[in-house]
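Engineer: Below is one structure. I have some questions about it.
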Amino acid sequence: MSATPKIEPMGAKVPEPRQNDPDTLARQIVEKLTYSIGKHPEQARKYDWLRATTLVVRDRIIDHWFASTDRVRESKDKRVYYLSMEFLIGRLLRDAINNLQLTEPVREALKRYNVELDMVELLEPDAALGNGGLGRLAACFMESMASTGVPGVGYGIRYVHGFFRQEIADGAQVELPETWLMHGNPWEFERRDSSYEIGFGGKVITQSEPGKPQRHVWRPSERVLAVAFDTPIVGWRGSQVNTLRLWSAQAVDPILLDAFNDGDHIGALVESNKAEAITRVLYPADSHQAGQELRLRQEYFFSAASLQDIIRRHLSENESLDNLADKVAIQLNDTHPAVSVAELMRLLVDVHGYVWSKAWTITRATFGYTNHTLLPEALEHWPISLFERLLPRQMQIIYQINADVIREAAQDKGFNDQQIAAISLIDEGHGRRVRMGQLAFVGSHAVNGVSALHTELMKETVFNNLHELYPDRIQNKTNGVTPRRWLMECNPGLTGLLKEAIGPAFLDDTEKLADADKLADDSAFRDRFTAVKRENKARLADIISDRLAITLNPDAIFDIQVKRIHEYKRQFLNIIEAIALYNQIRAHPEKNWTPRVKIFAGKAAPSYVQAKEIIHLANDVARVVNSDPAVRDLLKIVFIPNYNVSLAEIIMPAADLSEQISTAGLEASGTGNMKFALNGALTIGTLDGANVEMLEHVGEDNIFIFGLKADEVAQRRREAHSGRSIIDRTPLLREALDAISSGVFAPDNPARYHTLVSNLYNNDWWMICADFEAYWNAQRSLDALFLNQSEWQSKAIHNTARMGWFSSDRSIREYSKDIWQAGPGQRP
Ligand code: 9GP
């Protein structure tokens, strides 16, 4: 046998550019069809074209991917690892083509075979590996890290079934499995060589030798394999490509041969099924606690695999782990990966022989933690009995960390028992639980909220005592969204118009959108801006007509609320206002009503009864209102099923009005609010989350703020107001609620919404009654404004022009500088 020839690495060279003309692309697409897919172009079906096009685009990404990886390896730059249970990435093809600036040549190439690029792009399944805001933010951050030159790796889980598919049957939500991998996934590369054993259960053996510190050895009773699947994430203009590494669980022994040979053919697969179950399904539970054992297994599984991978890579380039924090920043996206703090300590102390204090210094300097919610029901805490059984050594470590923190608090700050109980990693009050928020906090050098208001509330509420103990730790990093997906790709009409009007600089620096601000007074520009919006509305109206057979008037206000369904997000308030408006239109047909279309979309966690009732109510009200001839075309209500990233890309550019009406103090940031405003929608919203900063940027004339402020909400909650007195003195509200409770919208089951309504009478926890009147008045002033189209459109232009700051590139630059000390310009 001849010796393997030595292969020279490409080095950090950018590869020779490939030919990107339509002829070359067309030829390569057919080559892929032929040699990678095994089809003649004449036989190729739609999915074959998608796959072939993806492979041709992917080749171009791979060139840049290798160059990016080599560059980081050679420069020894610090890497950022973003650990997230969720990456709601959506479709990738359009994003990749756009970022490589291949849209027109690929379109041309496919045309040669009578294939439409848009059709091909729409075939790609949505990678729905997330529930909502947190997962979508992680996807925006991955793209922005690549676009701003931050060497980053995202670590998560390769769920076989992503976020469930929602259907509406007789008005109610039905959950069906999502199958994004059905046609394979041409973007991913399986890395069998990067697989790690992950343990669960078993016992800890303590070894003592005279004169030496005790050693702890964990002997798990169960092991599964974590196998890596890599997806390249290409940044704007293709200059940097980062990796999203998702872990898939497999059994160490795929089949128990003894059992099989004994005739137990099902039992022989038990281990394999148990292992694979870990990464089979995404938990549908945003802002809603999912406290199941499988969930804790998922959390530990991907955290432990990621840490082993990080350490292996570090040790392949460095002599020891002493300088881990100089070369590695790990960001914990919410508390889901918080067990990483205990796991890294275990690896450093038990496996790599560090003394505790040194290991703790390294650990804390390496981690950062982002909090995404203050809702108590969403803050993770695990029963100690479960934790101890599944992760016995990590539990011991958590006890020791806790003892150290409590000692520090008592000695240095003189904390009393109450304060100690508040910071403790162990909640003694609810059947003894491990508090993951506290663990993430103490194990990180930086802890951040996701909007200015949320960060302040973190200091005042959930982390009040920890903030007192570590006053320099909490900082703010307001969220952002990637302008590539959320402006350029989803709104080519507006992007083209802006390019013509202010030049292309905003494509590289979103804050340059500010140059369009003055055009708000230019009537010719306003007309063109309005024409783009109308086209986007017509496109959405067509989709709604196809899917739901509801005809919409594109000249009505498109008033849209799309997001997870949750009581604090107050879709219920919006529906009640719609009913009140319906009643008024019927009572006063002679008035000059502004036509309105209220559009809803979003999913409810399957176990969240009230949220599912809200969906049902929206559909029931829609049925009655849309079929009432007395309403004419003045009000239409639509609930679009199965909200996902791709649908959002069509909805955001089509909105006139964006509903951001959460109970103040409860929405950590919101990112939908940013996408709408960037695409020229006006916002009606409370002073909550990032709405507060949006107000500062777009100016108070261009945003419609109403309702109680966060401190007023907290005050009213302390006073435990019921809604009864407000309902009694507000006829519009009372009549709307009476209509719901008397079965106007549910004649088949008039009692269906009794609980929903009686909750408002008894305890107005979400401030629906308290905010109703202010909301109604704000809506009516928007009605009046819409009749003055030039004024409305100039406010819309101010929104687009002033939203540049809300780019996730800005967020990432702030993380890079203040938390990670990594990325361009951040070298020590
Ligand atoms: O609810 C928050 C949302 O306000 C925020 O924009 C998003 C990203 O930071 O995170 C959401 N939180 C979750 O999805 C779960 O905690």
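For the structure tokens, the naming scheme is as follows: chains receive sequential letters (A, B, ...) according to their order of presentation, residues are indexed from 1 within each chain, and ligands are indexed from 1 in presentation order.
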Where does chain A meet ligand 1 within 9 Å, residue by residue, with the nearest atom pair and distance in Å to one decimal for each, counting only C-alpha atoms and all ligand atoms, listed by chain and rising number, as a tab-separated table?
Structural biologist:
residue	atom	partner	partner_atom_place_in_ligand_line	distance
A:Gly130	CA	ligand 1	14 (O)	8.8
A:Asn131	CA	ligand 1	14 (O)	7.0
A:Gly132	CA	ligand 1	14 (O)	5.5
A:Gly133	CA	ligand 1	7 (C)	3.9
A:Leu134	CA	ligand 1	14 (O)	3.9
A:Gly135	CA	ligand 1	14 (O)	6.8
A:Arg136	CA	ligand 1	8 (C)	7.4
A:Leu137	CA	ligand 1	8 (C)	5.5
A:Ala138	CA	ligand 1	8 (C)	8.1
A:Ala285	CA	ligand 1	15 (C)	8.3
A:Asp286	CA	ligand 1	15 (C)	5.0
A:Ser287	CA	ligand 1	15 (C)	4.6
A:His288	CA	ligand 1	15 (C)	7.9
A:Asn333	CA	ligand 1	9 (O)	8.9
A:Asp334	CA	ligand 1	16 (O)	6.8
A:Thr335	CA	ligand 1	16 (O)	8.8
A:Thr370	CA	ligand 1	9 (O)	8.3
A:Asn371	CA	ligand 1	16 (O)	7.4
A:His372	CA	ligand 1	16 (O)	4.5
A:Thr373	CA	ligand 1	16 (O)	4.6
A:Leu374	CA	ligand 1	16 (O)	7.9
A:Leu375	CA	ligand 1	16 (O)	8.1
A:Ala378	CA	ligand 1	16 (O)	6.5
A:Leu379	CA	ligand 1	16 (O)	8.0
A:Gly449	CA	ligand 1	9 (O)	8.0
A:Val450	CA	ligand 1	9 (O)	5.5
A:Ser451	CA	ligand 1	9 (O)	8.3
A:His454	CA	ligand 1	4 (O)	9.0
A:Thr478	CA	ligand 1	9 (O)	8.4
A:Asn479	CA	ligand 1	9 (O)	6.3
A:Gly480	CA	ligand 1	6 (O)	8.9
A:Arg564	CA	ligand 1	1 (O)	8.9
A:Leu666	CA	ligand 1	4 (O)	7.8
A:Glu667	CA	ligand 1	4 (O)	4.4
A:Ala668	CA	ligand 1	4 (O)	3.8
A:Ser669	CA	ligand 1	4 (O)	3.9
A:Gly670	CA	ligand 1	6 (O)	3.3
A:Thr671	CA	ligand 1	6 (O)	4.9
A:Gly672	CA	ligand 1	6 (O)	7.8
A:Asn673	CA	ligand 1	6 (O)	8.9
A:Gly689	CA	ligand 1	4 (O)	6.6
A:Ala690	CA	ligand 1	6 (O)	8.1
Engineer: Generate a file of the selected residues that holds N, CA and C atoms, formatted as a short mmCIF file (atom, residue, chain, number, x, y, z; two decimals), in the first residue's frame.
Structural biologist:
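Listed below is the output, again_39.cif:
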data_model
loop_
_atom_site.label_atom_id
_atom_site.label_comp_id
_atom_site.auth_asym_id
_atom_site.auth_seq_id
_atom_site.Cartn_x
_atom_site.Cartn_y
_atom_site.Cartn_z
N GLY A 130 -36.95 25.73 18.25
CA GLY A 130 -37.14 26.66 19.34
C GLY A 130 -38.60 27.02 19.48
N ASN A 131 -38.94 27.61 20.63
CA ASN A 131 -40.32 27.97 20.93
C ASN A 131 -40.70 29.36 20.45
N GLY A 132 -39.79 30.30 20.67
CA GLY A 132 -40.16 31.69 20.40
C GLY A 132 -38.96 32.59 20.54
N GLY A 133 -39.14 33.67 21.32
CA GLY A 133 -38.16 34.75 21.37
C GLY A 133 -36.73 34.33 21.67
N LEU A 134 -36.58 33.49 22.68
CA LEU A 134 -35.23 33.10 23.09
C LEU A 134 -34.50 32.35 21.98
N GLY A 135 -35.21 31.44 21.32
CA GLY A 135 -34.60 30.64 20.26
C GLY A 135 -34.35 31.46 19.01
N ARG A 136 -35.26 32.39 18.72
CA ARG A 136 -35.07 33.21 17.53
C ARG A 136 -33.92 34.19 17.77
N LEU A 137 -33.80 34.68 19.00
CA LEU A 137 -32.68 35.57 19.31
C LEU A 137 -31.35 34.84 19.10
N ALA A 138 -31.31 33.57 19.53
CA ALA A 138 -30.08 32.78 19.36
C ALA A 138 -29.74 32.66 17.88
N ALA A 285 -42.47 24.84 25.56
CA ALA A 285 -42.77 25.47 26.84
C ALA A 285 -42.06 26.79 27.07
N ASP A 286 -42.22 27.73 26.19
CA ASP A 286 -41.60 29.04 26.38
C ASP A 286 -42.31 29.79 27.52
N SER A 287 -41.56 30.34 28.42
CA SER A 287 -42.12 31.07 29.56
C SER A 287 -43.11 30.25 30.37
N HIS A 288 -42.85 28.99 30.44
CA HIS A 288 -43.77 28.08 31.10
C HIS A 288 -42.88 26.92 31.54
N ASN A 333 -27.41 30.76 27.47
CA ASN A 333 -28.63 31.41 27.01
C ASN A 333 -29.78 30.95 27.89
N ASP A 334 -30.09 31.76 28.91
CA ASP A 334 -31.08 31.41 29.92
C ASP A 334 -30.50 30.31 30.82
N THR A 335 -31.34 29.77 31.70
CA THR A 335 -30.79 28.81 32.67
C THR A 335 -30.72 27.39 32.13
N THR A 370 -27.23 35.01 30.38
CA THR A 370 -28.30 35.93 29.95
C THR A 370 -29.63 35.46 30.51
N ASN A 371 -30.31 36.35 31.22
CA ASN A 371 -31.64 36.03 31.72
C ASN A 371 -32.68 36.58 30.73
N HIS A 372 -33.71 35.77 30.47
CA HIS A 372 -34.72 36.18 29.47
C HIS A 372 -36.12 36.31 30.04
N THR A 373 -36.28 36.09 31.30
CA THR A 373 -37.64 36.23 31.84
C THR A 373 -37.60 36.40 33.35
N LEU A 374 -38.57 37.15 33.85
CA LEU A 374 -38.71 37.30 35.30
C LEU A 374 -39.92 36.52 35.80
N LEU A 375 -40.65 35.91 34.88
CA LEU A 375 -41.86 35.18 35.29
C LEU A 375 -41.48 34.05 36.23
N ALA A 378 -41.51 30.52 35.00
CA ALA A 378 -40.57 30.09 33.97
C ALA A 378 -39.15 29.94 34.51
N LEU A 379 -38.94 30.30 35.78
CA LEU A 379 -37.58 30.18 36.33
C LEU A 379 -37.36 28.72 36.75
N GLY A 449 -29.47 41.27 31.44
CA GLY A 449 -30.86 41.28 31.01
C GLY A 449 -30.88 41.70 29.54
N VAL A 450 -32.08 41.68 28.94
CA VAL A 450 -32.17 41.85 27.49
C VAL A 450 -32.87 43.14 27.06
N SER A 451 -33.16 44.01 28.03
CA SER A 451 -33.59 45.38 27.71
C SER A 451 -33.29 46.19 28.96
N HIS A 454 -35.89 45.59 31.76
CA HIS A 454 -35.78 44.23 32.30
C HIS A 454 -34.55 44.10 33.20
N THR A 478 -29.37 45.11 25.42
CA THR A 478 -30.69 45.11 24.75
C THR A 478 -30.63 44.26 23.48
N ASN A 479 -31.67 43.46 23.29
CA ASN A 479 -31.75 42.58 22.13
C ASN A 479 -31.72 43.35 20.82
N GLY A 480 -31.52 42.59 19.76
CA GLY A 480 -31.61 43.15 18.42
C GLY A 480 -32.02 42.05 17.46
N ARG A 564 -45.96 34.09 20.85
CA ARG A 564 -46.53 33.01 21.66
C ARG A 564 -47.79 33.51 22.37
N LEU A 666 -43.42 42.60 32.42
CA LEU A 666 -43.38 41.15 32.23
C LEU A 666 -42.71 40.69 30.94
N GLU A 667 -42.69 41.52 29.92
CA GLU A 667 -42.01 41.11 28.68
C GLU A 667 -40.56 41.54 28.80
N ALA A 668 -39.65 40.56 28.80
CA ALA A 668 -38.26 40.92 29.04
C ALA A 668 -37.77 41.93 28.01
N SER A 669 -38.02 41.64 26.75
CA SER A 669 -37.62 42.59 25.72
C SER A 669 -38.64 42.62 24.60
N GLY A 670 -38.86 41.43 23.99
CA GLY A 670 -39.59 41.38 22.73
C GLY A 670 -38.58 41.60 21.62
N THR A 671 -38.80 40.94 20.50
CA THR A 671 -37.99 41.20 19.30
C THR A 671 -38.92 41.37 18.11
N GLY A 672 -40.14 40.82 18.20
CA GLY A 672 -41.14 41.06 17.17
C GLY A 672 -41.40 42.56 17.05
N ASN A 673 -41.44 43.23 18.20
CA ASN A 673 -41.66 44.69 18.20
C ASN A 673 -40.64 45.39 17.29
N GLY A 689 -40.42 46.07 28.34
CA GLY A 689 -39.34 45.50 27.56
C GLY A 689 -38.64 46.54 26.71
N ALA A 690 -38.32 46.14 25.49
CA ALA A 690 -37.59 47.06 24.61
C ALA A 690 -38.49 48.14 24.03
#
Engineer: What lies within 9 Å of segment 713-716 of chain A using only C-alpha atoms, ignoring chain neighbours under 2 positions off, as a PyMOL selection string?
Structural biologist: chain A and resi 663-665+708-711+718-721+765-767
Engineer: Excluding Ile397 of chain A and its own-chain neighbours fewer than 6 positions away, which residues fall within 9 Å of it when counting only C-alpha atoms? Please give them as a PyMOL selection string.
Structural biologist: chain A and resi 342-343+345-346
Engineer: Please provide the set of residues having any atom within 6 Å of segment 620-622 of chain A, restricted to only C-alpha atoms, with same-chain residues fewer than 3 positions apart removed, written as a list of chain:residue names.
Structural biologist: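 My list of contacting residues is A:Leu617, A:Val625, A:Asn626, A:Ile637, A:Phe745.
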Engineer: Here is a test: counting only C-alpha atoms, which residue of A:Leu466, A:Ala516, A:Val241, A:Val597 is nearest to Ser144 of chain A?
Structural biologist: A:Val241
Engineer: Would you mind listing what lies within 8 Å of segment 578-582 of chain A as a PDB file with N, CA and C atoms, in the first residue's frame, with only C-alpha atoms counted and same-chain residues fewer than 5 positions away left out?
Structural biologist:
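Output file result18.pdb follows:
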ATOM      1  N   LYS A 598     -57.883  42.665  12.101  1.00  0.00           N
ATOM      2  CA  LYS A 598     -57.070  42.252  13.265  1.00  0.00           C
ATOM      3  C   LYS A 598     -56.540  40.862  12.976  1.00  0.00           C
ATOM      4  N   VAL A 621     -64.631  34.341  17.901  1.00  0.00           N
ATOM      5  CA  VAL A 621     -65.021  35.734  17.631  1.00  0.00           C
ATOM      6  C   VAL A 621     -64.863  36.013  16.128  1.00  0.00           C
ATOM      7  N   VAL A 625     -67.850  37.573  13.794  1.00  0.00           N
ATOM      8  CA  VAL A 625     -67.674  38.921  13.240  1.00  0.00           C
ATOM      9  C   VAL A 625     -67.588  38.862  11.709  1.00  0.00           C
ATOM     10  N   VAL A 631     -71.473  44.308   9.755  1.00  0.00           N
ATOM     11  CA  VAL A 631     -70.120  44.860   9.953  1.00  0.00           C
ATOM     12  C   VAL A 631     -69.514  45.312   8.627  1.00  0.00           C
ATOM     13  N   LEU A 635     -64.614  45.547   9.879  1.00  0.00           N
ATOM     14  CA  LEU A 635     -63.784  44.791  10.831  1.00  0.00           C
ATOM     15  C   LEU A 635     -63.702  43.343  10.377  1.00  0.00           C
ATOM     16  N   LEU A 732     -68.300  49.746  27.766  1.00  0.00           N
ATOM     17  CA  LEU A 732     -67.719  49.063  26.589  1.00  0.00           C
ATOM     18  C   LEU A 732     -67.129  47.715  26.981  1.00  0.00           C
ATOM     19  N   LEU A 733     -66.431  47.728  28.108  1.00  0.00           N
ATOM     20  CA  LEU A 733     -65.780  46.507  28.583  1.00  0.00           C
ATOM     21  C   LEU A 733     -66.831  45.517  29.071  1.00  0.00           C
ATOM     22  N   GLU A 735     -69.996  45.229  28.301  1.00  0.00           N
ATOM     23  CA  GLU A 735     -70.797  44.631  27.229  1.00  0.00           C
ATOM     24  C   GLU A 735     -69.990  43.576  26.470  1.00  0.00           C
ATOM     25  N   ALA A 736     -68.720  43.850  26.272  1.00  0.00           N
ATOM     26  CA  ALA A 736     -67.889  42.859  25.560  1.00  0.00           C
ATOM     27  C   ALA A 736     -67.797  41.574  26.386  1.00  0.00           C
TER      28      ALA A 736
END
Engineer: From the options A:Lys499, A:His381, A:Lys203, A:Lys795, which residue's atoms come nearest to Glu700 of chain A, counting only C-alpha atoms?
Structural biologist: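 Closest to Glu700 of chain A of all the choices is A:Lys795.
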Engineer: Residues near segment 228-236 of chain A, anyone? I mean within 9 Å using only C-alpha atoms, not counting same-chain ones fewer than 3 positions away, as a ChimeraX atom specification.
Structural biologist: /A:58,61-62,64-65,92,95-96,98-101,142-149,158,187-196,239-248,305,484,508
Engineer: For atom CA of Asn592 of chain A and atom CA of Ala630 of chain A, determine how far apart the two atoms are, in Å to one decimal place.
Structural biologist: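 Distance between the two atoms: 14.3 Å.
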Engineer: Identify, on the basis of only C-alpha atoms, every residue whose closest approach to Gln571 of chain A does not exceed 12 Å; exclude the query and any residue fewer than 2 positions from it along the same chain; express the result as a ChimeraX atom specification.
Structural biologist: /A:560-569,573-578,598-604,610-618,639,659-663,766,768
Engineer: Now that the selection is made, can you save its residues with C-alpha atoms as a PDB file, in the first residue's frame?
Structural biologist:
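Dumped to part.pdb:
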ATOM      1  CA  ILE A 560     -51.241  42.477  13.885  1.00  0.00           C
ATOM      2  CA  GLN A 561     -50.354  40.570  17.037  1.00  0.00           C
ATOM      3  CA  VAL A 562     -48.139  37.554  16.401  1.00  0.00           C
ATOM      4  CA  LYS A 563     -46.172  35.855  19.174  1.00  0.00           C
ATOM      5  CA  ARG A 564     -46.528  33.014  21.659  1.00  0.00           C
ATOM      6  CA  ILE A 565     -49.940  32.967  23.276  1.00  0.00           C
ATOM      7  CA  HIS A 566     -49.559  33.868  26.936  1.00  0.00           C
ATOM      8  CA  GLU A 567     -51.714  35.694  29.438  1.00  0.00           C
ATOM      9  CA  TYR A 568     -49.038  38.321  30.042  1.00  0.00           C
ATOM     10  CA  LYS A 569     -48.803  39.093  26.325  1.00  0.00           C
ATOM     11  CA  LEU A 573     -57.110  42.313  25.803  1.00  0.00           C
ATOM     12  CA  ASN A 574     -56.836  42.662  22.038  1.00  0.00           C
ATOM     13  CA  ILE A 575     -59.778  40.291  21.482  1.00  0.00           C
ATOM     14  CA  ILE A 576     -61.926  42.111  24.035  1.00  0.00           C
ATOM     15  CA  GLU A 577     -61.163  45.392  22.292  1.00  0.00           C
ATOM     16  CA  ALA A 578     -62.160  43.780  18.980  1.00  0.00           C
ATOM     17  CA  LYS A 598     -57.070  42.252  13.265  1.00  0.00           C
ATOM     18  CA  ILE A 599     -54.621  39.461  12.637  1.00  0.00           C
ATOM     19  CA  PHE A 600     -53.460  36.982  15.256  1.00  0.00           C
ATOM     20  CA  ALA A 601     -51.041  34.093  15.090  1.00  0.00           C
ATOM     21  CA  GLY A 602     -49.140  32.123  17.695  1.00  0.00           C
ATOM     22  CA  LYS A 603     -48.957  28.833  19.508  1.00  0.00           C
ATOM     23  CA  ALA A 604     -49.928  27.945  23.061  1.00  0.00           C
ATOM     24  CA  GLN A 610     -55.896  29.457  29.469  1.00  0.00           C
ATOM     25  CA  ALA A 611     -53.669  30.167  26.480  1.00  0.00           C
ATOM     26  CA  LYS A 612     -55.509  27.537  24.475  1.00  0.00           C
ATOM     27  CA  GLU A 613     -58.824  29.075  25.474  1.00  0.00           C
ATOM     28  CA  ILE A 614     -57.602  32.424  24.183  1.00  0.00           C
ATOM     29  CA  ILE A 615     -56.856  30.854  20.788  1.00  0.00           C
ATOM     30  CA  HIS A 616     -60.291  29.275  20.769  1.00  0.00           C
ATOM     31  CA  LEU A 617     -61.909  32.591  21.634  1.00  0.00           C
ATOM     32  CA  ALA A 618     -60.053  34.428  18.856  1.00  0.00           C
ATOM     33  CA  PHE A 639     -56.215  33.776  13.257  1.00  0.00           C
ATOM     34  CA  GLU A 659     -49.425  45.113  18.936  1.00  0.00           C
ATOM     35  CA  GLN A 660     -46.902  45.034  21.809  1.00  0.00           C
ATOM     36  CA  ILE A 661     -49.313  45.186  24.694  1.00  0.00           C
ATOM     37  CA  SER A 662     -47.856  42.998  27.442  1.00  0.00           C
ATOM     38  CA  THR A 663     -48.585  43.773  31.083  1.00  0.00           C
ATOM     39  CA  TRP A 766     -52.778  40.731  34.033  1.00  0.00           C
ATOM     40  CA  ILE A 768     -56.647  43.683  31.365  1.00  0.00           C
TER      41      ILE A 768
END
Engineer: Grab the atom CA of Glu197 of chain A to atom CA of Val349 of chain A distance for me, in Å with one decimal place.
Structural biologist: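 Here the two named atoms are 18.7 Å from each other.
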Engineer: DSSP on the backbone: which residues in segment 472-563 of chain A end up as helix (DSSP H, G or I)? Give the answer as a ChimeraX atom specification.
Structural biologist: /A:483-489,492-502,504-507,510-521,523-548
Engineer: Just list as number ranges by chain whatever in segment 620-716 of chain A DSSP marks as strand (DSSP E or B).
Structural biologist: A: 635-639, 657-660, 682-685, 703-705
Engineer: Report the closest atom pair, with its distance in Å rounded to one decimal, for each residue of segment 292-349 of chain A that has an atom no farther than 12 Å from segment 386-389 of chain A; count only C-alpha atoms, sort by chain and then rising residue number, and write it as JSON lines.
Structural biologist:
{"residue": "A:Gln292", "atom": "CA", "partner": "A:Leu386", "partner_atom": "CA", "distance": 9.6}
{"residue": "A:Glu293", "atom": "CA", "partner": "A:Leu386", "partner_atom": "CA", "distance": 7.4}
{"residue": "A:Leu294", "atom": "CA", "partner": "A:Leu386", "partner_atom": "CA", "distance": 10.8}
{"residue": "A:Arg295", "atom": "CA", "partner": "A:Leu386", "partner_atom": "CA", "distance": 11.6}
{"residue": "A:Leu296", "atom": "CA", "partner": "A:Phe387", "partner_atom": "CA", "distance": 8.2}
{"residue": "A:Arg297", "atom": "CA", "partner": "A:Phe387", "partner_atom": "CA", "distance": 9.8}
{"residue": "A:Glu299", "atom": "CA", "partner": "A:Phe387", "partner_atom": "CA", "distance": 11.7}
{"residue": "A:Tyr300", "atom": "CA", "partner": "A:Phe387", "partner_atom": "CA", "distance": 10.5}
{"residue": "A:Val339", "atom": "CA", "partner": "A:Phe387", "partner_atom": "CA", "distance": 10.3}
{"residue": "A:Ala342", "atom": "CA", "partner": "A:Phe387", "partner_atom": "CA", "distance": 12.0}
Engineer: From the options A:Gly414, A:Gly437, A:Gly823, A:Pro504, which residue's atoms come nearest to Trp382 of chain A, counting only C-alpha atoms?
Structural biologist: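 Result for the nearest residue to Trp382 of chain A: A:Gly437.
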Engineer: Separation of atom CA of Arg596 of chain A and atom CA of Leu782 of chain A, in Å?
Structural biologist: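 About the pair atom CA of Arg596 of chain A and atom CA of Leu782 of chain A: they are 10.7 Å apart.
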